[in-house]
Protein chains: 2
Amino acid sequence: MNDLTWSPGEKAAARKAFDLALKRELDEVIRKTKERAAKIQEPSDLWKLEDYLTERRKEIDTKYDYRYSVLLWVFIRVRQEGRLTEEELQGLSQDKLDRIRRGMGVL
Amino acid sequence: MNDLTWSPGEKAAARKAFDLALKRELDEVIRKTKERAAKIQEPSDLWKLEDYLTERRKEIDTKYDYRYSVLLWVFIRVRQEGRLTEEELQGLSQDKLDRIRRGMGVL
């Protein structure tokens with residue numbers, strides 16, 4: 001996908017969509033962390049929470065990679081995970097939207 | 001301190017005191033984790049909680065070393081940290097209690 005070009009308008013739309021998906025994912029981790037912490041009873045629950053946070057941090061760091069060379073993959077993944085609607089990607093070219101939709105069917 | 005001998009009665013008393021100090025420390029981490037989680041607002045708070053848990057886990061794993069060769073050091077440290085009273089070490093020989101008290105003055 002390295003041959004794609006991104007107009008300034010597309011870059012702005014992509015940044016907005018990217019930040020929205022990331023914010024939703026982080027809000028979900030915050031919500032789950034609060035829930036899990038409130039239920040801790042045993043030390044093992046404590047270390048399970050630590051493991052959960054470590055895994056989520058690594059996954060989020062890896063997933064949210066804002067390089068244009070991989071950005072369509074990021075959007076395919078967050079669309080598949082239900083973190084963005086197609087409407088929230090408006091502003092990207094029709095070609096890119098089509099590629100994301102096709103990618104969702106393939107991966 | 002490798003030359004010390006531990007009678008069965010002392011071993012039982014040591015185990016009880018060790019477990020009590022460890023339980024107190026873990027209960028404190030659980031309490032603080034619940035407090036911190038309840039206050040999370042930003043993603044940075046989330047990762048600070050993760051760092052806190054990782055550090056506390058490492059520290060606790062290192063500190064609570066139940067080998068007789070290092071056990072007096074453990075008791076000196078938890079006494080210094082206020083996690084055990086001298087009364088809670090009753091059952092150890094007077095010589096060991098004296099060493100712990102002297103160690104608290106030296107370290």
# chains A, B, ... in the order shown; residues from 1 in each chain; ligands from 1

call {"tool": "interface_residues", "arguments": {"of": "chain A", "to": "chain B", "cutoff": "10 Å", "atoms": "only C-alpha atoms", "output": "PyMOL selection string"}}
result
chain A and resi 23+26-27+29-43+45-47+49-54+57

call {"tool": "residues_around", "arguments": {"residues": "Phe18 (chain A)", "least_positions_apart": "6", "cutoff": "8 Å", "atoms": "only C-alpha atoms", "output": "JSON list (two decimals) with all heavy atoms, in the first residue's frame"}}
result
[["chain", "number", "residue", "atom", "x", "y", "z"],
["A", 64, "TYR", "N", -1.78, 0.93, 16.89],
["A", 64, "TYR", "CA", -2.00, 2.31, 16.45],
["A", 64, "TYR", "C", -0.71, 2.91, 15.92],
["A", 64, "TYR", "O", -0.02, 3.66, 16.60],
["A", 64, "TYR", "CB", -2.62, 3.13, 17.57],
["A", 64, "TYR", "CG", -4.05, 2.70, 17.79],
["A", 64, "TYR", "CD1", -4.35, 1.69, 18.69],
["A", 64, "TYR", "CD2", -5.07, 3.24, 17.03],
["A", 64, "TYR", "CE1", -5.67, 1.24, 18.85],
["A", 64, "TYR", "CE2", -6.39, 2.79, 17.17],
["A", 64, "TYR", "CZ", -6.67, 1.80, 18.08],
["A", 64, "TYR", "OH", -7.96, 1.35, 18.21],
["A", 66, "TYR", "N", 0.72, 5.20, 13.15],
["A", 66, "TYR", "CA", 0.26, 6.20, 12.19],
["A", 66, "TYR", "C", 1.29, 6.49, 11.11],
["A", 66, "TYR", "O", 1.74, 7.61, 10.92],
["A", 66, "TYR", "CB", -0.12, 7.50, 12.91],
["A", 66, "TYR", "CG", -0.97, 8.41, 12.05],
["A", 66, "TYR", "CD1", -2.34, 8.25, 11.99],
["A", 66, "TYR", "CD2", -0.40, 9.42, 11.28],
["A", 66, "TYR", "CE1", -3.13, 9.06, 11.19],
["A", 66, "TYR", "CE2", -1.18, 10.24, 10.48],
["A", 66, "TYR", "CZ", -2.54, 10.05, 10.43],
["A", 66, "TYR", "OH", -3.31, 10.84, 9.64],
["A", 75, "PHE", "N", -6.91, 0.90, 9.70],
["A", 75, "PHE", "CA", -8.34, 1.16, 9.56],
["A", 75, "PHE", "C", -9.12, -0.13, 9.30],
["A", 75, "PHE", "O", -10.23, -0.29, 9.80],
["A", 75, "PHE", "CB", -8.60, 2.21, 8.46],
["A", 75, "PHE", "CG", -8.19, 3.60, 8.87],
["A", 75, "PHE", "CD1", -7.54, 4.46, 8.00],
["A", 75, "PHE", "CD2", -8.49, 4.06, 10.16],
["A", 75, "PHE", "CE1", -7.18, 5.75, 8.39],
["A", 75, "PHE", "CE2", -8.12, 5.35, 10.55],
["A", 75, "PHE", "CZ", -7.47, 6.19, 9.66]]

call {"tool": "atom_distance", "arguments": {"atom1": "CA of Val106 (chain A)", "atom2": "CA of Leu22 (chain A)"}}
result
23.2 Å

call {"tool": "residues_around", "arguments": {"residues": "Trp73 (chain B)", "least_positions_apart": "2", "cutoff": "12 Å", "atoms": "only C-alpha atoms", "output": "PyMOL selection string"}}
result
chain B and resi 1-2+18+62-71+75-80+96-97+99-104+106-107

call {"tool": "select_by_dssp", "arguments": {"residues": "region 40-101 of chain A", "states": "alpha helix (DSSP H)", "output": "PyMOL selection string"}}
result
chain A and resi 43-63+71-80+94-101

call {"tool": "residues_around", "arguments": {"residues": "Glu88 (chain A)", "least_positions_apart": "3", "cutoff": "7 Å", "atoms": "only C-alpha atoms", "output": "list in words"}}
result
Ala17, Leu84 and Thr85 of chain A
